[in-house]
Amino acid sequence: MWLLVRTSGCTNGGYLSRLRLTQARGLSQGLRLTLSAVPRRRSGASSSLHPAARPLTSVLPRSSLSILCLHTFESTARARAVTRTPVAFASSSAASSSSPATQPDTDRDQTPTTVPLEDVKRIVGLAHPERWRLAAAFGFLTVSSAVTMSAPFLLGKVIDTIYTTGTDTEAMTASLTSLCIMLTGAFLCGGAANAARVYLMQLSGQRIVSNLRTSVFSSILRQEVAFFDRNRTGELINRLSADTAVVGRSITDNLSDGLRAVAQAAAGVSMMFYVSPSLASFVLMIVPPLAGLAVIYGRYLRSISKRTQDALAQATELAEERISNLRTVRAFGKELSEVSTYAEKTDQVLRLAKKEAFLRAGFFGVTGLSGNIMILSVLYKGGLLMASHHMTVGELSAFLMYTFWVGISIAGLSSFYSELMKGFGAGTRLWELLDRKPEFPLNEGLVLPADQLKGELQFSDVSFAYPTRKEAPIFQNLSLLVPAGTIMAVVGSSGSGKSTLVSLLLRLYDSDGGIITIDGHDIRDLNPYWLRRHIGTVSQEPVLFSCSIRDNIAYGADFPEAVATEDIYSAARDANAYDFVQAFPDGFDTIVGEKGVLLSGGQKQRIAIARALLKNPKILLLDEATSALDSENEFLVQEALERLMEGRTVMIIAHRLSTIKNANAVAVLDQRRVAECGQHTELLGNRQGLFRKLMEKQTFLQEEQTQAMR
Ligand SMILES: Nc1ncnc2c1ncn2[C@@H]1O[C@H](COP(=O)(O)OP(=O)(O)OP(=O)(O)O)[C@@H](O)[C@H]1O
């Protein structure tokens with residue numbers, strides 16, 4: 001666990017001046033130091049780790065919460081709408097807010113029915129840093145609820161004043177005026193308190209979510225690569241965006257709405273008994289059976305709603321995949337068939353949505369009707385009580401208003417429980433992610449002085465199978481030595497494990513057996529940050545980020561924001577990228593598009609080479625581009641690569657004869673090991689050798705291609 005620290009502003013003399021804890025509130029796991037202000041002179045600094053980074057056992061306070069177990073009797077979305085819009089029993093405002101298309105993704109996730117106490121404590125612990133703001137919000141909540149619940153009683157008094165003062169107009173005016181002034185004052189206080197409550201709750205919620213998101217993102221980025229082989233990106237993004245929001249909402253908005261609903265329901269029922277015990281007893285006889293029916297119906301409605309959302313999720317998944325791979329869809333001319341596949345999925349959603357709409361219509365029709373019947377019953381019974389002088393008109397009016405409020409509050413309670421449970425469900429998924437310890441730590445281990453690094457690489461008896469395919473070993477007792485400062489070309493048929501060799505060196509995966517060393521040090525003993533800091537990579541399909549060319553090149557440096565423009569230009573020149581970049585209207589500020597889609601293959605390669613040059617690593621792992629670069633591009637890339645390789649230990653996955661010829665040695669991968677290793681000419685001399693066969697095959701293929709072109 002790491003403490004995230006951020007520099008507090010500009011520094012002087014090339015040193016980080018003040019380090020300030022900014023995220024300690026609720027932030028459990030930071031990834032690394034975020035250095036926001038580092039002077040340019042430090043652009044060549046060797047380590048990305050600051051001594052101030054230190055392990056932190058726990059920053060999350062624990063406290064407890066007891067859960068209110070309440071039943072839910074209508075859909076969450078509808079209930080949420082009702083709690084925020086004080087229109088009780090209004091059937092006309094049926095569930096427009098519950099359209100499946102607007103539901104957050106997590107709504108389709110399982111909502112738990114029971115929650116371990118530990119999870120409850122943890123979720124409450126998230127709110128701990130916000131406790132003062134939340135306490136103030138609850139204070140304002142109490143004020144606004146008190147005003148709301150005293151309003152019907154006082155309004156009843158106003159009505160009674162109007163009706164009972166008789167012909168004494170002056171007395172009536174005086175008492176009416178003073179009552180109205182008092183009420184206006186109370187309403188103003190109530191309004192202001194409510195506004196303050198909402199503001200404080202929203203602010204706390206956003207702060208909790210923001211801290212939680214940083215922690216989750218940090219936790220995701222710390223995981224080993226095999227974790228990403230097993231987990232879908234969309235699923236992780238969902239945790240980061242939707243689940244964090246659900247957790248934040250459930251401990252701020254939802255808790256405050258829930259508490260308000262409990263307080264108002266309790267106060268409302270008490271006031272109903274205070275105003276007229278006999279009418280209150282009559283109402284309480286009608287409500288429980290109606291509520292019971294609504295609970296059963298509501299549950300059924302929710303299960304249909306969930307099926308609709310599952311179907312929608314499938315349609316969305318399909319759309320997402322096809323849109324992000326539009327080039328492939330277009331290349332195969334599959335637009336129309338994809339549209340019809342998507343239409344089938346949306347038809348399925350529509351069928352379920354129709355059923356849901358029908359049930360929902362019935363539900364809201366019936367709840368609206370029962371609400372109105374209840375009001376009518378109150379009026380009827382109240383009218384009789386008035387006729388027998390057991391009740392005044394003001395009391396009846398106040399009673400009716402309390403009935404409304406109690407109705408609204410009960411509707412609010414229904415959402416409170418389900419939202420709370422949803423929050424716990426989302427929380428549990430987040431804890432899994434936050435607590436997951438990566439199989440190997442990111443930032444522990446040996447850090448060697450950079451100037452002592454020679455760059456000798458050695459694989460000794462290495463065995464490896466990918467964690468997701470343990471039954472299919474890629475290497476068995478593979479051994480290979482790459483002396484410091486030499487170029488080793490790696491060749492082999494497709495799938496022989498050339499890229500896997502690179503992944504193992506970068507420690508994206510750990511070998512199952514044997515040992516990989518750099519200058520005699522087992523890479524498992526070395527600090528992975530330090531290790532990767534000294535290894536540069538340029539892959540066949542280099543990945544650029546959707547930002548400017550300048551930022552993409554600067555990404556190679558320890559402190560990208562501190563890289564001097566001249567350093568970027570010089571790296572670009574050495575990578576043969578400067579001229580084409582300057583030819584763009586926006587030069588180095590040109591945005592490269594998603595994954596660098598706005599650049600050609602050769603241009604991307606050269607930007608990636610410039611990025612690697614800026615990193616200035618001792619060891620280089622290259623995957624030569626096989627994609628058809630035109631001869632000019634190929635020459636420029638090749639020249640840039642040669643410049644990049646100078647004075648470094650290089651392992652290059654070679655696809656060109658020229659590269660193989662220029663390498664100090666060639667390793668041929670076959671049958672899960674290095675089958676042959678030696679100089680190019682030496683290996684070619686062995687007529688029965690694998691390398692010779694591979695080369696003949698390549699020559700043969702080239703000849704075939706040449707004939708085909710003729
Ligand atoms: N993340 C992964 N999980 C499981 N298996 C994988 C993974 N990556 C690669 N493989 C498998 O490992 C084997 C070696 O793959 P690798 O990419 O190292 O081969 P290669 O020699 O670089 O191939 P090519 O020349 O086609 O790029 C292949 O059978 C491949 O299917």
# chains A, B, ... in the order shown; residues from 1 in each chain; ligands from 1
call {"tool": "residues_near_ligand", "arguments": {"ligand": "ligand 1", "cutoff": "6 Å", "atoms": "only C-alpha atoms and all ligand atoms", "output": "PyMOL selection string"}}
result
chain A and resi 229+466+468-469+474+494-500
call {"tool": "residues_around", "arguments": {"residues": "Ile553 (chain A)", "least_positions_apart": "2", "cutoff": "10 Å", "atoms": "only C-alpha atoms", "output": "ChimeraX atom specification"}}
result
/A:544,548-551,555-557,560,563,567-569,571-572,588,606-615
call {"tool": "write_last_selection", "arguments": {"atoms": "N, CA and C atoms", "output": "PDB file, in the first residue's frame"}}
result
ATOM      1  N   LEU A 544       0.020   4.360 -29.273  1.00  0.00           N
ATOM      2  CA  LEU A 544       0.154   5.761 -28.890  1.00  0.00           C
ATOM      3  C   LEU A 544      -1.123   6.160 -28.165  1.00  0.00           C
ATOM      4  N   SER A 548      -1.268  14.696 -27.876  1.00  0.00           N
ATOM      5  CA  SER A 548      -0.418  15.276 -28.920  1.00  0.00           C
ATOM      6  C   SER A 548       0.833  14.418 -29.146  1.00  0.00           C
ATOM      7  N   ILE A 549       1.484  14.654 -30.294  1.00  0.00           N
ATOM      8  CA  ILE A 549       2.724  13.931 -30.594  1.00  0.00           C
ATOM      9  C   ILE A 549       3.764  14.273 -29.529  1.00  0.00           C
ATOM     10  N   ARG A 550       3.772  15.551 -29.132  1.00  0.00           N
ATOM     11  CA  ARG A 550       4.713  15.995 -28.086  1.00  0.00           C
ATOM     12  C   ARG A 550       4.526  15.147 -26.821  1.00  0.00           C
ATOM     13  N   ASP A 551       3.271  15.016 -26.372  1.00  0.00           N
ATOM     14  CA  ASP A 551       3.006  14.265 -25.133  1.00  0.00           C
ATOM     15  C   ASP A 551       3.340  12.787 -25.293  1.00  0.00           C
ATOM     16  N   TYR A 555       6.174  10.898 -23.032  1.00  0.00           N
ATOM     17  CA  TYR A 555       5.741   9.786 -22.178  1.00  0.00           C
ATOM     18  C   TYR A 555       6.922   8.878 -21.808  1.00  0.00           C
ATOM     19  N   GLY A 556       7.929   8.891 -22.662  1.00  0.00           N
ATOM     20  CA  GLY A 556       9.096   8.041 -22.407  1.00  0.00           C
ATOM     21  C   GLY A 556       9.948   8.529 -21.242  1.00  0.00           C
ATOM     22  N   ALA A 557       9.785   9.803 -20.865  1.00  0.00           N
ATOM     23  CA  ALA A 557      10.633  10.352 -19.793  1.00  0.00           C
ATOM     24  C   ALA A 557      10.037  10.067 -18.427  1.00  0.00           C
ATOM     25  N   PRO A 560       7.301  13.512 -17.610  1.00  0.00           N
ATOM     26  CA  PRO A 560       6.949  14.050 -18.930  1.00  0.00           C
ATOM     27  C   PRO A 560       6.724  15.557 -18.936  1.00  0.00           C
ATOM     28  N   VAL A 563       9.941  17.671 -19.458  1.00  0.00           N
ATOM     29  CA  VAL A 563      10.870  17.460 -20.579  1.00  0.00           C
ATOM     30  C   VAL A 563      10.990  18.741 -21.405  1.00  0.00           C
ATOM     31  N   ASP A 567      14.632  18.627 -26.129  1.00  0.00           N
ATOM     32  CA  ASP A 567      14.882  17.184 -25.980  1.00  0.00           C
ATOM     33  C   ASP A 567      13.901  16.387 -26.841  1.00  0.00           C
ATOM     34  N   ILE A 568      12.664  16.869 -26.892  1.00  0.00           N
ATOM     35  CA  ILE A 568      11.653  16.177 -27.713  1.00  0.00           C
ATOM     36  C   ILE A 568      12.028  16.282 -29.188  1.00  0.00           C
ATOM     37  N   TYR A 569      12.433  17.498 -29.606  1.00  0.00           N
ATOM     38  CA  TYR A 569      12.808  17.694 -31.014  1.00  0.00           C
ATOM     39  C   TYR A 569      14.007  16.822 -31.378  1.00  0.00           C
ATOM     40  N   ALA A 571      15.000  14.000 -29.985  1.00  0.00           N
ATOM     41  CA  ALA A 571      14.596  12.582 -30.080  1.00  0.00           C
ATOM     42  C   ALA A 571      13.857  12.340 -31.393  1.00  0.00           C
ATOM     43  N   ALA A 572      13.010  13.298 -31.768  1.00  0.00           N
ATOM     44  CA  ALA A 572      12.251  13.144 -33.015  1.00  0.00           C
ATOM     45  C   ALA A 572      13.198  13.150 -34.214  1.00  0.00           C
ATOM     46  N   PHE A 588       4.104  19.497 -33.508  1.00  0.00           N
ATOM     47  CA  PHE A 588       4.186  18.548 -32.391  1.00  0.00           C
ATOM     48  C   PHE A 588       2.928  18.552 -31.518  1.00  0.00           C
ATOM     49  N   ARG A 606       7.969   5.517 -35.832  1.00  0.00           N
ATOM     50  CA  ARG A 606       9.025   6.495 -35.588  1.00  0.00           C
ATOM     51  C   ARG A 606       8.742   7.328 -34.325  1.00  0.00           C
ATOM     52  N   ILE A 607       7.464   7.596 -34.065  1.00  0.00           N
ATOM     53  CA  ILE A 607       7.120   8.307 -32.812  1.00  0.00           C
ATOM     54  C   ILE A 607       7.501   7.403 -31.626  1.00  0.00           C
ATOM     55  N   ALA A 608       7.202   6.099 -31.779  1.00  0.00           N
ATOM     56  CA  ALA A 608       7.520   5.160 -30.691  1.00  0.00           C
ATOM     57  C   ALA A 608       9.033   5.067 -30.491  1.00  0.00           C
ATOM     58  N   ILE A 609       9.781   5.171 -31.586  1.00  0.00           N
ATOM     59  CA  ILE A 609      11.248   5.131 -31.468  1.00  0.00           C
ATOM     60  C   ILE A 609      11.738   6.395 -30.752  1.00  0.00           C
ATOM     61  N   ALA A 610      11.133   7.539 -31.099  1.00  0.00           N
ATOM     62  CA  ALA A 610      11.508   8.796 -30.420  1.00  0.00           C
ATOM     63  C   ALA A 610      11.209   8.681 -28.926  1.00  0.00           C
ATOM     64  N   ARG A 611      10.097   8.070 -28.593  1.00  0.00           N
ATOM     65  CA  ARG A 611       9.710   7.881 -27.190  1.00  0.00           C
ATOM     66  C   ARG A 611      10.759   7.030 -26.466  1.00  0.00           C
ATOM     67  N   ALA A 612      11.200   5.957 -27.158  1.00  0.00           N
ATOM     68  CA  ALA A 612      12.202   5.068 -26.556  1.00  0.00           C
ATOM     69  C   ALA A 612      13.552   5.780 -26.431  1.00  0.00           C
ATOM     70  N   LEU A 613      13.865   6.635 -27.426  1.00  0.00           N
ATOM     71  CA  LEU A 613      15.136   7.374 -27.366  1.00  0.00           C
ATOM     72  C   LEU A 613      15.158   8.307 -26.165  1.00  0.00           C
ATOM     73  N   LEU A 614      14.019   8.932 -25.897  1.00  0.00           N
ATOM     74  CA  LEU A 614      13.928   9.852 -24.764  1.00  0.00           C
ATOM     75  C   LEU A 614      14.082   9.103 -23.447  1.00  0.00           C
ATOM     76  N   LYS A 615      13.638   7.879 -23.437  1.00  0.00           N
ATOM     77  CA  LYS A 615      13.752   7.069 -22.218  1.00  0.00           C
ATOM     78  C   LYS A 615      15.215   6.708 -21.954  1.00  0.00           C
TER      79      LYS A 615
END
call {"tool": "atom_distance", "arguments": {"atom1": "CA of Lys454 (chain A)", "atom2": "CA of Leu657 (chain A)"}}
result
27.7 Å
call {"tool": "residues_around", "arguments": {"residues": "region 639-641 of chain A", "least_positions_apart": "3", "cutoff": "8 Å", "atoms": "only C-alpha atoms", "output": "MDAnalysis selection string"}}
result
chainID A and resid 574:576 606 609 635:636 644:645
call {"tool": "select_by_dssp", "arguments": {"residues": "region 552-701 of chain A", "states": "strand (DSSP E or B)", "output": "PyMOL selection string"}}
result
chain A and resi 591+619-623+649-653+665-670+673-678
call {"tool": "closest_residue", "arguments": {"among": "A:Val597, A:Val225, A:Val490, A:Ile523", "to": "Pro467 (chain A)", "atoms": "only C-alpha atoms"}}
result
A:Val225
call {"tool": "residues_around", "arguments": {"residues": "Pro152 (chain A)", "least_positions_apart": "3", "cutoff": "12 Å", "atoms": "only C-alpha atoms", "output": "ChimeraX atom specification"}}
result
/A:146-149,155-159,183,187,267-268,271-272,275,394-406
call {"tool": "residues_around", "arguments": {"residues": "Thr161 (chain A)", "least_positions_apart": "4", "cutoff": "8 Å", "atoms": "only C-alpha atoms", "output": "PyMOL selection string"}}
result
chain A and resi 157+165+172+175-176
call {"tool": "write_last_selection", "arguments": {"atoms": "C-alpha atoms", "output": "PDB file, in the first residue's frame"}}
result
ATOM      1  CA  LYS A 157     -54.084  26.494  12.484  1.00  0.00           C
ATOM      2  CA  THR A 165     -62.704  33.993  14.076  1.00  0.00           C
ATOM      3  CA  MET A 172     -58.730  37.558  12.438  1.00  0.00           C
ATOM      4  CA  SER A 175     -53.775  36.510  14.192  1.00  0.00           C
ATOM      5  CA  LEU A 176     -53.707  35.511  10.511  1.00  0.00           C
TER       6      LEU A 176
END
